[in-house]
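Content type compact mmCIF, N, CA and C atoms, from the file structure_11.txt:
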# COMPACT_ATOMS: atom_id res chain seq x y z
N MET A 1 -9.10 -40.69 92.96
CA MET A 1 -8.35 -40.47 94.17
C MET A 1 -8.29 -41.77 94.96
N SER A 2 -7.09 -42.15 95.38
CA SER A 2 -6.92 -43.35 96.20
C SER A 2 -7.08 -42.99 97.66
N GLU A 3 -7.44 -43.98 98.44
CA GLU A 3 -7.67 -43.74 99.87
C GLU A 3 -7.21 -44.95 100.66
N ARG A 4 -6.70 -44.69 101.87
CA ARG A 4 -6.28 -45.75 102.77
C ARG A 4 -6.70 -45.35 104.18
N ILE A 5 -7.15 -46.29 104.96
CA ILE A 5 -7.60 -46.03 106.32
C ILE A 5 -6.50 -46.44 107.30
N TYR A 6 -6.22 -45.55 108.26
CA TYR A 6 -5.21 -45.80 109.28
C TYR A 6 -5.86 -45.82 110.65
N THR A 7 -5.28 -46.58 111.56
CA THR A 7 -5.71 -46.58 112.95
C THR A 7 -4.82 -45.62 113.72
N VAL A 8 -5.42 -44.70 114.44
CA VAL A 8 -4.67 -43.74 115.24
C VAL A 8 -4.85 -44.14 116.70
N LYS A 9 -3.72 -44.29 117.41
CA LYS A 9 -3.76 -44.68 118.82
C LYS A 9 -3.20 -43.55 119.66
N GLY A 10 -3.75 -43.38 120.85
CA GLY A 10 -3.27 -42.37 121.77
C GLY A 10 -3.20 -42.91 123.18
N ALA A 11 -2.44 -42.25 124.03
CA ALA A 11 -2.27 -42.67 125.42
C ALA A 11 -3.57 -42.52 126.20
N ASN A 12 -4.40 -41.54 125.78
CA ASN A 12 -5.71 -41.29 126.41
C ASN A 12 -6.57 -40.58 125.37
N ASN A 13 -7.79 -40.22 125.75
CA ASN A 13 -8.70 -39.59 124.78
C ASN A 13 -8.18 -38.25 124.28
N ASN A 14 -7.58 -37.45 125.17
CA ASN A 14 -7.04 -36.15 124.78
C ASN A 14 -5.90 -36.33 123.77
N ASP A 15 -4.99 -37.26 124.07
CA ASP A 15 -3.87 -37.54 123.17
C ASP A 15 -4.38 -38.06 121.83
N LEU A 16 -5.36 -38.92 121.87
CA LEU A 16 -5.94 -39.47 120.64
C LEU A 16 -6.54 -38.36 119.79
N GLU A 17 -7.25 -37.44 120.41
CA GLU A 17 -7.87 -36.33 119.68
C GLU A 17 -6.81 -35.44 119.02
N LYS A 18 -5.73 -35.15 119.74
CA LYS A 18 -4.65 -34.32 119.18
C LYS A 18 -4.00 -35.02 117.99
N ARG A 19 -3.77 -36.31 118.11
CA ARG A 19 -3.15 -37.06 117.02
C ARG A 19 -4.07 -37.11 115.81
N TYR A 20 -5.34 -37.31 116.04
CA TYR A 20 -6.30 -37.37 114.94
C TYR A 20 -6.35 -36.03 114.20
N LYS A 21 -6.39 -34.91 114.95
CA LYS A 21 -6.41 -33.59 114.33
C LYS A 21 -5.14 -33.35 113.52
N ALA A 22 -4.01 -33.83 114.05
CA ALA A 22 -2.74 -33.67 113.32
C ALA A 22 -2.79 -34.41 112.00
N PHE A 23 -3.29 -35.64 112.01
CA PHE A 23 -3.39 -36.41 110.77
C PHE A 23 -4.36 -35.76 109.78
N GLU A 24 -5.45 -35.19 110.29
CA GLU A 24 -6.39 -34.49 109.41
C GLU A 24 -5.72 -33.31 108.73
N ALA A 25 -4.97 -32.53 109.50
CA ALA A 25 -4.29 -31.35 108.95
C ALA A 25 -3.23 -31.77 107.93
N LEU A 26 -2.51 -32.83 108.22
CA LEU A 26 -1.47 -33.29 107.30
C LEU A 26 -2.06 -33.81 105.99
N GLY A 27 -3.26 -34.33 106.06
CA GLY A 27 -3.91 -34.87 104.86
C GLY A 27 -4.15 -33.83 103.79
N ASP A 28 -4.16 -32.56 104.18
CA ASP A 28 -4.38 -31.47 103.22
C ASP A 28 -3.09 -30.97 102.58
N GLN A 29 -1.96 -31.46 103.04
CA GLN A 29 -0.66 -30.98 102.54
C GLN A 29 -0.25 -31.72 101.27
N PRO A 30 0.53 -31.06 100.42
CA PRO A 30 1.05 -31.73 99.23
C PRO A 30 1.99 -32.88 99.62
N THR A 31 2.11 -33.85 98.77
CA THR A 31 2.95 -35.02 99.03
C THR A 31 4.38 -34.64 99.36
N ILE A 32 4.95 -33.66 98.68
CA ILE A 32 6.34 -33.27 98.93
C ILE A 32 6.52 -32.78 100.37
N VAL A 33 5.53 -32.07 100.90
CA VAL A 33 5.60 -31.60 102.29
C VAL A 33 5.59 -32.79 103.24
N LEU A 34 4.75 -33.76 102.97
CA LEU A 34 4.69 -34.96 103.81
C LEU A 34 6.00 -35.74 103.76
N GLU A 35 6.57 -35.86 102.57
CA GLU A 35 7.84 -36.57 102.44
C GLU A 35 8.95 -35.86 103.21
N ARG A 36 8.95 -34.55 103.19
CA ARG A 36 9.97 -33.80 103.90
C ARG A 36 9.75 -33.85 105.40
N LEU A 37 8.51 -33.90 105.84
CA LEU A 37 8.23 -34.06 107.27
C LEU A 37 8.71 -35.43 107.76
N VAL A 38 8.53 -36.45 106.94
CA VAL A 38 9.04 -37.78 107.29
C VAL A 38 10.56 -37.73 107.42
N GLU A 39 11.20 -37.06 106.48
CA GLU A 39 12.66 -36.94 106.52
C GLU A 39 13.11 -36.25 107.81
N LEU A 40 12.42 -35.17 108.18
CA LEU A 40 12.75 -34.48 109.42
C LEU A 40 12.50 -35.37 110.64
N SER A 41 11.43 -36.15 110.60
CA SER A 41 11.10 -37.00 111.75
C SER A 41 12.14 -38.09 111.97
N GLU A 42 12.97 -38.33 110.97
CA GLU A 42 14.03 -39.33 111.09
C GLU A 42 15.35 -38.71 111.55
N MET A 43 15.38 -37.38 111.71
CA MET A 43 16.58 -36.68 112.16
C MET A 43 16.46 -36.38 113.65
N GLU A 44 17.41 -36.89 114.42
CA GLU A 44 17.37 -36.72 115.87
C GLU A 44 17.33 -35.24 116.28
N SER A 45 18.10 -34.40 115.60
CA SER A 45 18.14 -32.98 115.97
C SER A 45 16.80 -32.28 115.68
N ALA A 46 16.14 -32.67 114.61
CA ALA A 46 14.84 -32.07 114.28
C ALA A 46 13.79 -32.48 115.31
N VAL A 47 13.79 -33.74 115.71
CA VAL A 47 12.84 -34.22 116.71
C VAL A 47 13.10 -33.52 118.05
N LYS A 48 14.38 -33.31 118.36
CA LYS A 48 14.75 -32.61 119.60
C LYS A 48 14.15 -31.20 119.60
N HIS A 49 14.23 -30.50 118.46
CA HIS A 49 13.66 -29.16 118.37
C HIS A 49 12.14 -29.17 118.49
N LEU A 50 11.51 -30.18 117.95
CA LEU A 50 10.05 -30.26 118.02
C LEU A 50 9.55 -30.61 119.42
N LYS A 51 10.31 -31.39 120.16
CA LYS A 51 9.91 -31.80 121.51
C LYS A 51 10.14 -30.72 122.55
N ASN A 52 11.14 -29.88 122.35
CA ASN A 52 11.52 -28.87 123.32
C ASN A 52 10.79 -27.57 123.02
N SER A 53 10.01 -27.06 123.98
CA SER A 53 9.20 -25.85 123.76
C SER A 53 10.04 -24.65 123.37
N PHE A 54 11.18 -24.44 124.03
CA PHE A 54 12.03 -23.30 123.71
C PHE A 54 12.62 -23.43 122.31
N LEU A 55 13.18 -24.60 122.00
CA LEU A 55 13.78 -24.79 120.68
C LEU A 55 12.74 -24.70 119.57
N PHE A 56 11.54 -25.23 119.82
CA PHE A 56 10.48 -25.14 118.84
C PHE A 56 10.07 -23.69 118.62
N GLY A 57 9.93 -22.94 119.71
CA GLY A 57 9.57 -21.52 119.60
C GLY A 57 10.60 -20.74 118.80
N THR A 58 11.88 -21.05 119.03
CA THR A 58 12.96 -20.39 118.30
C THR A 58 12.87 -20.73 116.81
N MET A 59 12.68 -22.00 116.51
CA MET A 59 12.57 -22.44 115.12
C MET A 59 11.36 -21.80 114.44
N LYS A 60 10.25 -21.76 115.14
CA LYS A 60 9.02 -21.19 114.61
C LYS A 60 9.19 -19.70 114.34
N ALA A 61 9.84 -18.97 115.27
CA ALA A 61 10.09 -17.55 115.08
C ALA A 61 10.99 -17.30 113.89
N LEU A 62 12.01 -18.13 113.73
CA LEU A 62 12.91 -18.00 112.59
C LEU A 62 12.16 -18.18 111.28
N LEU A 63 11.29 -19.17 111.23
CA LEU A 63 10.52 -19.42 110.01
C LEU A 63 9.54 -18.28 109.71
N LYS A 64 8.97 -17.69 110.76
CA LYS A 64 8.03 -16.58 110.56
C LYS A 64 8.74 -15.36 109.98
N THR A 65 10.00 -15.13 110.35
CA THR A 65 10.72 -13.96 109.87
C THR A 65 11.14 -14.12 108.42
N LYS A 66 11.13 -15.34 107.91
CA LYS A 66 11.56 -15.59 106.53
C LYS A 66 10.43 -15.40 105.52
N ASN A 67 9.21 -15.23 105.96
CA ASN A 67 8.07 -15.09 105.04
C ASN A 67 7.95 -13.72 104.48

The structure given in the file should be rewritten as structure tokens.
Amino acid sequence: MSERIYTVKGANNNDLEKRYKAFEALGDQPTIVLERLVELSEMESAVKHLKNSFLFGTMKALLKTKN
């Protein structure tokens, strides 16, 4: 298994902790999921949905109904 160390920066300790936990959770995902998340992060409309609480809630509810 290969390994690489990254530096995680945050605006404050709380922000840093949230970012670190996010990276930890992502580390358990398959590579294809990570590649697709990168693709979404490059789409303005996807980022808009993730930043907006209402749009994110709508997207999350839609995904829950598809399972």

- Task: Taking (-10.0, -40.1, 112.8) in the file's own coordinates, collect the residues within 7 Å, counting all atoms listed in the file, and hand them back as number ranges by chain.
- Result: A: 8, 20-21

- Message: Just to confirm, what's the straight-line distance from CA of Leu62 in chain A to atom N of Ala46 in chain A in Å (one decimal)?
- Response: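 Straight-line distance from CA of Leu62 in chain A to atom N of Ala46 in chain A works out to 15.2 Å.
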
- Message: Would you compute the distance between CA of Thr31 in chain A and CA of Met43 in chain A? Give it in Å to one decimal.
- Response: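 Interatomic distance here is 19.0 Å.
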
- Task: Go ahead and compute the interatomic distance for CA of Ser45 in chain A and CA of Gln29 in chain A, in Å to one decimal.
- Result: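 So the two atoms, CA of Ser45 in chain A and CA of Gln29 in chain A, lie 23.2 Å apart.
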
- helix (DSSP H, G or I) positions in chain A, given as a PyMOL selection string: chain A and resi 13-26+31-41+44-51+53-65
